[in-house]
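Pasting model25.txt here (compact mmCIF, C-alpha atoms):
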# COMPACT_ATOMS: atom_id res chain seq x y z
CA MET A 1 198.82 0.45 141.01
CA ALA A 2 201.45 -0.30 138.40
CA GLU A 3 202.24 1.66 135.27
CA PHE A 4 201.79 -0.03 131.88
CA SER A 5 202.87 1.19 128.44
CA TYR A 6 200.56 0.30 125.56
CA ARG A 7 200.32 0.48 121.81
CA GLY A 8 197.14 0.05 119.82
CA ARG A 9 194.80 1.43 117.20
CA SER A 10 191.83 3.70 117.57
CA SER A 11 188.44 3.05 116.00
CA ASP A 12 189.52 4.92 112.84
CA GLY A 13 192.71 2.84 112.52
CA GLN A 14 195.18 5.44 113.83
CA LEU A 15 198.20 4.22 115.79
CA VAL A 16 198.10 5.35 119.44
CA GLU A 17 200.49 4.69 122.29
CA GLY A 18 201.00 5.87 125.86
CA THR A 19 200.91 4.79 129.50
CA LEU A 20 198.11 3.91 131.93
CA GLN A 21 197.87 3.07 135.62
CA GLY A 22 196.25 -0.26 136.44
CA ALA A 23 196.22 -3.10 138.93
CA SER A 24 196.95 -5.64 136.19
CA ARG A 25 197.31 -6.05 132.45
CA ALA A 26 193.66 -7.08 132.22
CA ALA A 27 192.57 -3.89 133.97
CA VAL A 28 194.55 -1.78 131.50
CA LEU A 29 193.05 -3.74 128.60
CA LYS A 30 189.57 -3.00 129.97
CA GLN A 31 190.37 0.74 130.16
CA LEU A 32 191.55 0.73 126.55
CA LYS A 33 188.39 -1.03 125.38
CA GLN A 34 186.33 1.67 127.09
CA GLN A 35 188.30 4.22 125.05
CA ASN A 36 187.60 2.28 121.81
CA ILE A 37 191.29 1.38 121.46
CA ILE A 38 192.27 -2.07 120.23
CA ALA A 39 195.48 -2.93 122.08
CA THR A 40 198.28 -4.61 120.13
CA LYS A 41 200.93 -4.42 122.86
CA ILE A 42 200.82 -3.93 126.65
CA GLU A 43 203.99 -3.98 128.75
CA ALA A 44 204.64 -3.37 132.41
CA GLY A 45 206.61 -0.17 133.09
CA SER A 46 206.99 3.05 131.09
CA ALA A 47 208.02 2.79 127.47
CA LYS A 48 210.38 5.70 127.98
CA ALA A 49 212.35 3.71 130.54
CA SER A 50 213.13 0.88 128.16
CA GLY A 51 216.09 0.82 125.78
CA SER A 52 219.36 2.71 125.87
CA SER A 53 218.90 6.44 126.18
CA VAL A 54 220.85 9.55 127.09
CA ARG A 55 219.15 12.02 129.42
CA GLY A 56 220.18 15.50 130.31
CA SER A 57 218.59 18.93 130.68
CA GLY A 58 215.15 17.38 130.13
CA LEU A 59 216.24 15.86 126.79
CA SER A 60 215.91 12.10 126.20
CA ILE A 61 217.55 10.51 123.19
CA ASN A 62 217.00 6.86 122.35
CA ILE A 63 220.41 5.81 121.04
CA ALA A 64 219.15 2.51 119.64
CA ALA A 65 216.43 4.33 117.67
CA LEU A 66 219.05 6.54 115.96
CA PHE A 67 220.70 3.52 114.32
CA LYS A 68 217.54 1.48 113.80
CA PRO A 69 216.65 0.93 110.10
CA HIS A 70 213.36 2.50 109.04
CA LYS A 71 212.93 1.15 105.51
CA VAL A 72 212.40 -2.21 103.90
CA SER A 73 214.62 -2.97 100.91
CA MET A 74 213.27 -3.90 97.51
CA ASP A 75 214.86 -7.35 97.82
CA ASP A 76 213.02 -7.99 101.10
CA MET A 77 209.71 -6.89 99.56
CA ILE A 78 210.22 -9.20 96.58
CA MET A 79 211.10 -12.11 98.85
CA PHE A 80 208.07 -11.40 101.05
CA SER A 81 205.77 -11.30 97.99
CA ARG A 82 207.23 -14.56 96.67
CA GLN A 83 206.73 -16.29 100.01
CA MET A 84 203.18 -14.96 100.34
CA TYR A 85 202.40 -16.14 96.81
CA ALA A 86 203.59 -19.66 97.62
CA LEU A 87 201.81 -19.76 100.99
CA THR A 88 198.47 -18.38 99.77
CA ARG A 89 198.57 -20.68 96.76
CA SER A 90 199.03 -23.69 99.03
CA GLY A 91 196.05 -22.66 101.16
CA ILE A 92 197.92 -22.00 104.43
CA PRO A 93 195.92 -19.67 106.76
CA LEU A 94 197.03 -16.03 106.52
CA ILE A 95 197.73 -15.55 110.23
CA ARG A 96 199.91 -18.63 110.38
CA ALA A 97 201.69 -17.70 107.13
CA ILE A 98 202.47 -14.09 108.08
CA ASN A 99 203.48 -15.04 111.61
CA GLY A 100 205.94 -17.55 110.17
CA LEU A 101 207.37 -14.97 107.76
CA ALA A 102 207.84 -12.50 110.65
CA ASP A 103 210.24 -15.02 112.21
CA ALA A 104 212.00 -15.86 108.94
CA THR A 105 212.60 -12.41 107.39
CA ARG A 106 216.03 -10.80 107.58
CA SER A 107 214.60 -7.28 107.91
CA PRO A 108 213.85 -6.23 111.51
CA VAL A 109 211.51 -3.50 110.25
CA LEU A 110 209.49 -5.93 108.13
CA SER A 111 209.46 -8.44 110.98
CA GLU A 112 207.95 -5.88 113.36
CA VAL A 113 205.40 -4.81 110.74
CA LEU A 114 204.35 -8.41 110.05
CA ARG A 115 203.84 -9.09 113.76
CA ASP A 116 201.58 -6.03 113.97
CA ILE A 117 199.69 -7.26 110.89
CA THR A 118 199.25 -10.66 112.55
CA ARG A 119 197.75 -8.99 115.63
CA SER A 120 195.39 -6.96 113.43
CA LEU A 121 194.27 -10.08 111.54
CA THR A 122 193.63 -11.84 114.85
CA GLN A 123 191.29 -9.01 115.80
CA GLY A 124 189.30 -9.38 112.57
CA THR A 125 190.93 -6.75 110.35
CA THR A 126 191.16 -7.49 106.63
CA LEU A 127 194.59 -8.03 105.13
CA ALA A 128 194.39 -4.87 102.99
CA ASN A 129 193.47 -2.71 106.01
CA ALA A 130 196.25 -4.32 108.04
CA PHE A 131 198.71 -3.41 105.27
CA ARG A 132 197.27 0.11 105.03
CA ALA A 133 198.33 0.75 108.64
CA HIS A 134 201.96 0.65 107.43
CA PRO A 135 202.20 3.05 104.45
CA HIS A 136 206.00 3.39 104.88
CA VAL A 137 206.31 -0.27 103.82
CA PHE A 138 203.29 -0.99 101.59
CA GLY A 139 202.40 1.53 98.92
CA GLU A 140 198.94 2.28 97.54
CA LEU A 141 199.43 -0.02 94.56
CA PHE A 142 200.35 -2.91 96.85
CA ILE A 143 197.30 -2.31 99.05
CA ALA A 144 194.91 -1.90 96.10
CA MET A 145 196.06 -5.18 94.56
CA ILE A 146 195.69 -7.03 97.88
CA ARG A 147 192.21 -5.58 98.36
CA MET A 148 191.14 -6.82 94.95
CA GLY A 149 192.73 -10.20 95.65
CA GLU A 150 190.72 -10.50 98.85
CA THR A 151 187.52 -9.39 97.13
CA THR A 152 187.84 -11.83 94.23
CA GLY A 153 189.34 -14.68 96.25
CA ARG A 154 192.49 -14.62 94.10
CA LEU A 155 195.04 -13.41 96.62
CA ASP A 156 197.76 -15.64 95.15
CA SER A 157 197.26 -14.03 91.74
CA ALA A 158 197.56 -10.56 93.30
CA PHE A 159 200.90 -11.49 94.86
CA ARG A 160 202.07 -13.01 91.56
CA GLN A 161 201.41 -9.71 89.77
CA LEU A 162 203.09 -7.75 92.56
CA ILE A 163 206.18 -9.94 92.22
CA ASP A 164 206.42 -9.15 88.50
CA HIS A 165 205.94 -5.44 89.17
CA LEU A 166 208.56 -5.29 91.94
CA GLU A 167 211.13 -7.26 89.94
CA LEU A 168 210.70 -4.97 86.94
CA GLU A 169 211.05 -1.93 89.21
CA LYS A 170 214.22 -3.38 90.73
CA ASP A 171 215.64 -4.16 87.29
CA THR A 172 214.94 -0.61 86.09
CA ARG A 173 216.65 0.90 89.12
CA LYS A 174 219.71 -1.29 88.64
CA LYS A 175 219.96 -0.25 84.99
CA ILE A 176 219.71 3.45 85.89
CA VAL A 177 222.40 3.11 88.57
CA ALA A 178 224.67 1.16 86.22
CA ALA A 179 224.23 3.73 83.43
CA THR A 180 224.89 6.76 85.65
CA ARG A 181 227.73 5.27 87.74
CA TYR A 182 230.50 6.06 85.24
CA PRO A 183 229.54 9.72 84.58
CA ILE A 184 229.09 10.39 88.31
CA ILE A 185 232.47 8.85 89.23
CA VAL A 186 234.27 10.78 86.49
CA THR A 187 232.62 14.07 87.50
CA VAL A 188 233.48 13.56 91.17
CA PHE A 189 237.13 12.84 90.38
CA ILE A 190 237.32 15.90 88.11
CA PHE A 191 236.25 18.16 90.98
CA ILE A 192 238.62 16.38 93.39
CA ALA A 193 241.45 16.94 90.91
CA LEU A 194 240.54 20.63 90.59
CA PHE A 195 240.54 20.97 94.37
CA ILE A 196 243.96 19.28 94.75
CA VAL A 197 245.50 21.36 91.94
CA ASN A 198 244.20 24.65 93.40
CA ILE A 199 245.23 23.84 96.97
CA PHE A 200 248.59 22.11 96.52
CA VAL A 201 249.95 22.52 92.97
CA VAL A 202 249.20 26.08 91.87
CA PRO A 203 250.58 27.73 95.07
CA GLN A 204 253.99 26.10 94.38
CA PHE A 205 254.14 27.56 90.88
CA SER A 206 252.78 30.87 92.16
CA SER A 207 255.70 31.30 94.57
CA ILE A 208 258.17 30.53 91.77
CA PHE A 209 256.59 33.05 89.40
CA SER A 210 256.49 35.76 92.08
CA LYS A 211 260.24 35.38 92.73
CA LEU A 212 261.02 35.74 89.05
CA GLY A 213 259.03 38.97 88.92
CA ALA A 214 258.04 38.53 85.32
CA ASP A 215 254.77 39.66 83.77
CA LEU A 216 252.36 36.73 83.79
CA PRO A 217 249.93 35.83 81.00
CA LEU A 218 246.20 36.11 81.61
CA PRO A 219 245.53 32.34 82.06
CA THR A 220 248.20 32.19 84.79
CA ILE A 221 246.79 35.27 86.55
CA VAL A 222 243.29 33.76 86.56
CA LEU A 223 244.62 30.42 87.80
CA ILE A 224 246.61 31.99 90.64
CA ALA A 225 243.72 34.28 91.61
CA SER A 226 241.29 31.35 91.84
CA SER A 227 243.81 29.36 93.92
CA ASN A 228 244.39 32.30 96.29
CA PHE A 229 240.66 32.84 96.68
CA MET A 230 240.13 29.17 97.50
CA LEU A 231 242.98 29.16 100.03
CA LYS A 232 241.82 32.38 101.70
CA PHE A 233 238.06 31.89 101.64
CA TRP A 234 237.71 28.09 101.79
CA TRP A 235 235.47 28.47 104.84
CA LEU A 236 233.15 30.75 102.86
CA ILE A 237 233.02 28.30 99.94
CA VAL A 238 232.25 25.37 102.26
CA GLY A 239 229.62 27.41 104.16
CA LEU A 240 227.87 28.55 100.98
CA LEU A 241 227.96 25.01 99.64
CA VAL A 242 226.38 23.62 102.82
CA ILE A 243 223.72 26.37 102.83
CA ALA A 244 222.96 25.78 99.14
CA ILE A 245 222.61 22.00 99.58
CA GLY A 246 220.49 22.41 102.73
CA SER A 247 218.25 25.01 101.06
CA PHE A 248 217.82 22.78 98.00
CA ILE A 249 216.87 19.76 100.14
CA TYR A 250 214.38 21.86 102.13
CA TRP A 251 212.89 23.38 98.96
CA LYS A 252 212.66 19.99 97.27
CA LYS A 253 210.68 18.59 100.23
CA THR A 254 208.00 21.26 99.84
CA PRO A 255 205.06 20.31 97.55
CA GLU A 256 205.76 23.18 95.14
CA GLY A 257 209.51 22.53 95.14
CA HIS A 258 209.02 18.81 94.54
CA LEU A 259 206.72 19.52 91.60
CA GLN A 260 209.06 22.11 90.06
CA TRP A 261 212.11 19.84 90.43
CA ASP A 262 210.35 16.86 88.85
CA LYS A 263 209.26 19.13 86.02
CA PHE A 264 212.81 20.41 85.59
CA ILE A 265 214.50 16.99 85.41
CA LEU A 266 212.22 16.03 82.52
CA LYS A 267 213.73 18.91 80.52
CA ILE A 268 217.39 18.01 81.15
CA PRO A 269 219.09 17.19 77.81
CA ILE A 270 219.77 13.45 77.29
CA LEU A 271 218.57 12.49 80.80
CA GLY A 272 215.11 14.11 80.71
CA GLY A 273 213.71 11.76 78.08
CA VAL A 274 214.92 8.72 80.03
CA PHE A 275 213.24 9.89 83.24
CA GLU A 276 210.00 10.63 81.39
CA ARG A 277 209.84 7.19 79.77
CA VAL A 278 210.63 5.51 83.10
CA ALA A 279 207.73 7.40 84.73
CA LEU A 280 205.31 6.55 81.90
CA GLY A 281 206.33 2.89 82.05
CA ARG A 282 205.62 2.95 85.78
CA PHE A 283 202.17 4.27 84.93
CA ALA A 284 201.24 1.92 82.09
CA ARG A 285 202.18 -1.44 83.62
CA PRO A 286 200.58 -0.99 87.10
CA PHE A 287 197.54 0.61 85.44
CA ALA A 288 197.14 -2.45 83.20
CA MET A 289 197.73 -4.76 86.15
CA MET A 290 195.00 -3.07 88.20
CA LEU A 291 192.49 -3.02 85.34
CA GLU A 292 193.11 -6.70 84.71
CA ALA A 293 192.55 -7.39 88.43
CA GLY A 294 189.16 -5.67 88.25
CA VAL A 295 190.05 -2.38 89.97
CA PRO A 296 187.66 0.40 88.81
CA LEU A 297 189.15 2.78 86.22
CA LEU A 298 189.01 5.90 88.42
CA GLN A 299 190.58 4.13 91.39
CA ALA A 300 193.30 2.64 89.16
CA LEU A 301 194.17 6.09 87.80
CA THR A 302 194.19 7.58 91.31
CA VAL A 303 196.60 4.94 92.60
CA THR A 304 198.96 4.96 89.61
CA SER A 305 199.17 8.78 89.65
CA ARG A 306 200.94 8.43 93.01
CA THR A 307 203.28 5.60 92.05
CA VAL A 308 205.01 6.92 88.91
CA GLY A 309 207.86 8.51 90.87
CA ASN A 310 207.50 11.92 89.22
CA GLU A 311 205.13 14.56 90.59
CA HIS A 312 204.75 16.37 87.25
CA VAL A 313 203.75 13.19 85.40
CA GLY A 314 201.47 12.32 88.34
CA LYS A 315 199.69 15.66 87.93
CA GLY A 316 199.18 14.88 84.24
CA ILE A 317 197.59 11.55 85.15
CA GLU A 318 195.36 13.32 87.68
CA GLY A 319 194.27 15.55 84.80
CA MET A 320 193.23 12.41 82.91
CA LEU A 321 191.25 11.38 86.00
CA ASN A 322 189.36 14.67 85.96
CA GLY A 323 188.55 14.23 82.27
CA ILE A 324 187.18 10.71 82.77
CA GLU A 325 185.06 11.94 85.68
CA ARG A 326 183.52 14.42 83.22
CA GLY A 327 182.62 11.52 80.91
CA GLU A 328 185.48 11.75 78.41
CA SER A 329 187.09 8.62 76.97
CA LEU A 330 190.52 7.34 78.00
CA LEU A 331 191.87 8.22 74.55
CA ALA A 332 190.59 11.82 74.75
CA THR A 333 192.04 12.38 78.21
CA ALA A 334 195.38 10.75 77.27
CA SER A 335 195.57 12.93 74.15
CA SER A 336 194.80 16.15 76.06
CA SER A 337 197.45 15.33 78.69
CA GLY A 338 200.21 15.76 76.09
CA MET A 339 202.29 12.99 77.69
CA PHE A 340 201.90 10.28 75.02
CA ASN A 341 203.21 10.11 71.46
CA PRO A 342 200.87 9.31 68.51
CA LEU A 343 201.87 5.63 68.46
CA ILE A 344 200.83 5.17 72.09
CA LEU A 345 197.57 7.06 71.51
CA GLN A 346 196.81 4.80 68.56
CA MET A 347 197.37 1.72 70.75
CA ILE A 348 195.01 3.15 73.39
CA ALA A 349 192.40 3.80 70.70
CA VAL A 350 192.63 0.19 69.49
CA GLY A 351 192.34 -1.02 73.08
CA GLU A 352 189.18 0.98 73.66
CA GLU A 353 187.64 -0.17 70.38
CA THR A 354 188.34 -3.84 71.10
CA GLY A 355 187.57 -3.61 74.83
CA ASN A 356 191.04 -4.92 75.60
CA VAL A 357 192.67 -1.86 77.16
CA SER A 358 194.68 -3.78 79.78
CA ASP A 359 196.52 -5.91 77.18
CA LEU A 360 197.29 -2.86 75.08
CA LEU A 361 198.60 -1.05 78.16
CA VAL A 362 200.95 -3.98 78.79
CA ASP A 363 202.22 -3.56 75.22
CA ILE A 364 202.70 0.15 75.91
CA ALA A 365 204.65 -0.64 79.08
CA ASP A 366 206.83 -3.10 77.14
CA PHE A 367 207.43 -0.40 74.52
CA TYR A 368 208.56 2.09 77.19
CA ASP A 369 210.75 -0.55 78.87
CA GLN A 370 212.51 -1.24 75.58
CA GLU A 371 212.97 2.48 74.96
CA VAL A 372 214.40 2.99 78.46
CA GLU A 373 216.78 0.04 78.04
CA TYR A 374 218.00 1.45 74.72
CA ASP A 375 218.36 4.96 76.17
CA LEU A 376 220.32 3.69 79.18
CA LYS A 377 222.69 1.76 76.93
CA ARG A 378 223.32 4.97 74.95
CA LEU A 379 223.53 7.17 78.04
CA ALA A 380 227.21 6.56 78.80
CA GLU A 381 228.06 6.93 75.11
CA SER A 382 226.18 10.25 74.97
CA LEU A 383 227.74 11.67 78.13
CA GLU A 384 231.29 10.50 77.42
CA PRO A 385 232.08 13.20 74.78
CA ILE A 386 230.77 15.92 77.13
CA LEU A 387 232.97 14.63 79.97
CA LEU A 388 235.98 14.39 77.66
CA ILE A 389 235.47 17.97 76.47
CA PHE A 390 235.20 19.15 80.08
CA MET A 391 238.35 17.26 81.08
CA GLY A 392 240.17 18.56 78.02
CA ALA A 393 239.20 22.15 78.83
CA MET A 394 240.42 21.69 82.41
CA VAL A 395 243.76 20.29 81.25
CA LEU A 396 244.11 23.09 78.68
CA VAL A 397 243.54 25.81 81.31
CA LEU A 398 246.05 24.19 83.66
CA ALA A 399 248.59 23.74 80.88
CA LEU A 400 248.26 27.33 79.69
CA GLY A 401 248.33 28.71 83.22
CA VAL A 402 251.38 26.74 84.37
CA PHE A 403 253.53 26.19 81.29
CA LEU A 404 252.88 29.37 79.26
CA PRO A 405 254.92 31.63 81.59
CA MET A 406 257.70 29.02 81.61
CA TRP A 407 257.84 29.05 77.84
CA GLU A 408 257.94 32.86 77.80
CA LEU A 409 260.72 32.93 80.39
CA GLY A 410 262.67 30.31 78.42
CA ALA A 411 262.27 32.36 75.26
CA ALA A 412 263.46 35.51 77.11
CA PHE A 413 266.66 33.79 78.33
CA ASN A 414 267.41 32.57 74.84
Go through the file and emit its structure as structure tokens.
Amino acid sequence: MAEFSYRGRSSDGQLVEGTLQGASRAAVLKQLKQQNIIATKIEAGSAKASGSSVRGSGLSINIAALFKPHKVSMDDMIMFSRQMYALTRSGIPLIRAINGLADATRSPVLSEVLRDITRSLTQGTTLANAFRAHPHVFGELFIAMIRMGETTGRLDSAFRQLIDHLELEKDTRKKIVAATRYPIIVTVFIFIALFIVNIFVVPQFSSIFSKLGADLPLPTIVLIASSNFMLKFWWLIVGLLVIAIGSFIYWKKTPEGHLQWDKFILKIPILGGVFERVALGRFARPFAMMLEAGVPLLQALTVTSRTVGNEHVGKGIEGMLNGIERGESLLATASSSGMFNPLILQMIAVGEETGNVSDLLVDIADFYDQEVEYDLKRLAESLEPILLIFMGAMVLVLALGVFLPMWELGAAFN
């Protein structure tokens, strides 16, 4: 009896893997069928024995897995959607199309996922359910659009809309990164400069002042005291910093911490309004896209509440969902959420009156996109005076602390 490692899916779609003893691969496949497991991969030998690993004291570490990428980039997702749009539009069978893309993609993670999707399709699974088995790659919006495309027979149209959505998302991210790059770089260099001055510059002046034995002004005393503290207790500062960062990351990963942090960033001066409009734009455009594709209103709200990128805004959208379930109109629930300004509420009202909500939501999304673009252009201009004031204050403290005692000593000698 040989040992075989297997991977497959249970009757409820859950991924299962393990090892079985069997005379042949066919015998193992028969055992899995008896357990209601659809096998996607069967290999001779134990899965734990394959690949590079380090063993010791009962601990096994797969070295290759440590450096293996686990995410699919936005560029790869856009390229995949574009290719699927072209292939589905030309009428090429799905299994053949996806299998070909698995060989052509640059992403090893996406390639592995597409091969698993091909195996699922071969076994009769729908495309949406095959995508749903990989939530780390395909989000709920992606799956909902594909499901509607399969239902209506317009899969190419679903991929076309997903391409537009992903490209807009990528463009927004690039604008945010470009707008925040300058303030972040300046802030980092300010703290590096403070560290260098306290560690290397101030101690040199401190030794000179101590030899002179003169009374030092208050700015110099504070400067020397902070430098001495940093030199003496640098290990404590580093330890507290590591503990603070680790505690923040742990707290932010908790549901309550994530919600509180997302609520807090919306209240940050200058930046908070940008983040809020980005989140609302992420709600309006996918919501319109799903309504236009024929997704039911409640399902569309449920999906978009999880794709806005901000937990606090998502909770507000869930509140709208509860109101609609009670029979309230979209306008009434949007108004009670407190997330939309009067202009947006008026546009929603017109959409409901004319029965053209999806088109009005696209206009709302365009409005938010324009606002975000304008805010991001002004972001660097708004933050620059604050950074200049901070840098000026730092230079002033250093100048007073270092040069003031020199001026006093020079005046004393004269």
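Proximity to Ile386 in chain A was assessed for A:Asp359, A:His134, A:Val186, A:Gly272 counting all atoms listed in the file; the smallest distance is recorded for A:Val186.
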### Query
Which of these residues is nearest to Ser329 in chain A, using only C-alpha atoms: A:Val395, A:Ala27, A:Val313, A:Leu298?
A:Leu298
### Query
Which of these, A:Glu3, A:Glu140, A:Glu311, A:Glu292, has the shortest distance to Ile265 in chain A once you count all atoms listed in the file?
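The closest residue to Ile265 in chain A is A:Glu311.
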### Query
Which is closer to Gly323 in chain A than all the others in A:Ala97, A:Ile208, A:Val372, A:Leu301, using all atoms listed in the file?
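Selected residue with least distance to Gly323 in chain A: A:Leu301.
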#### Entry: Contacts of Arg115 in chain A within 8 Å, only C-alpha atoms, excl. fewer than 6 positions in-chain, as a list of chain:residue names
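Once the nearby chain positions are removed, what remains is A:Ile98, A:Asn99, A:Ala102.
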### Separation of CA of Phe403 in chain A from CA of Ser207 in chain A, in Å and rounded to one decimal
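Calculated distance between CA of Phe403 in chain A and CA of Ser207 in chain A is 14.4 Å.
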Missing atoms in range 390-405 of chain A: fill them in up to N, CA and C atoms and send the result as a compact mmCIF listing (two decimals), in the frame of the given file.
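The file below, result_17.txt, is the result:
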# COMPACT_ATOMS: atom_id res chain seq x y z
N PHE A 390 235.01 18.46 78.80
CA PHE A 390 235.20 19.15 80.08
C PHE A 390 236.59 18.88 80.64
N MET A 391 237.02 17.61 80.60
CA MET A 391 238.35 17.26 81.08
C MET A 391 239.43 17.91 80.22
N GLY A 392 239.20 17.92 78.91
CA GLY A 392 240.17 18.56 78.02
C GLY A 392 240.30 20.04 78.29
N ALA A 393 239.16 20.71 78.53
CA ALA A 393 239.20 22.15 78.83
C ALA A 393 239.94 22.40 80.15
N MET A 394 239.74 21.53 81.14
CA MET A 394 240.42 21.69 82.41
C MET A 394 241.93 21.53 82.25
N VAL A 395 242.33 20.50 81.49
CA VAL A 395 243.76 20.29 81.25
C VAL A 395 244.36 21.44 80.46
N LEU A 396 243.62 21.97 79.49
CA LEU A 396 244.11 23.09 78.68
C LEU A 396 244.34 24.33 79.55
N VAL A 397 243.39 24.64 80.42
CA VAL A 397 243.54 25.81 81.31
C VAL A 397 244.74 25.65 82.22
N LEU A 398 244.90 24.44 82.78
CA LEU A 398 246.05 24.19 83.66
C LEU A 398 247.36 24.28 82.89
N ALA A 399 247.36 23.72 81.68
CA ALA A 399 248.59 23.74 80.88
C ALA A 399 248.97 25.17 80.50
N LEU A 400 247.98 25.94 80.06
CA LEU A 400 248.26 27.33 79.69
C LEU A 400 248.70 28.14 80.91
N GLY A 401 248.02 27.92 82.03
CA GLY A 401 248.33 28.71 83.22
C GLY A 401 249.68 28.40 83.81
N VAL A 402 250.12 27.14 83.73
CA VAL A 402 251.38 26.74 84.37
C VAL A 402 252.56 26.82 83.41
N PHE A 403 252.39 26.32 82.19
CA PHE A 403 253.53 26.19 81.29
C PHE A 403 253.75 27.39 80.39
N LEU A 404 252.71 28.21 80.14
CA LEU A 404 252.88 29.37 79.26
C LEU A 404 253.91 30.35 79.79
N PRO A 405 253.87 30.72 81.09
CA PRO A 405 254.92 31.63 81.59
C PRO A 405 256.32 31.00 81.54
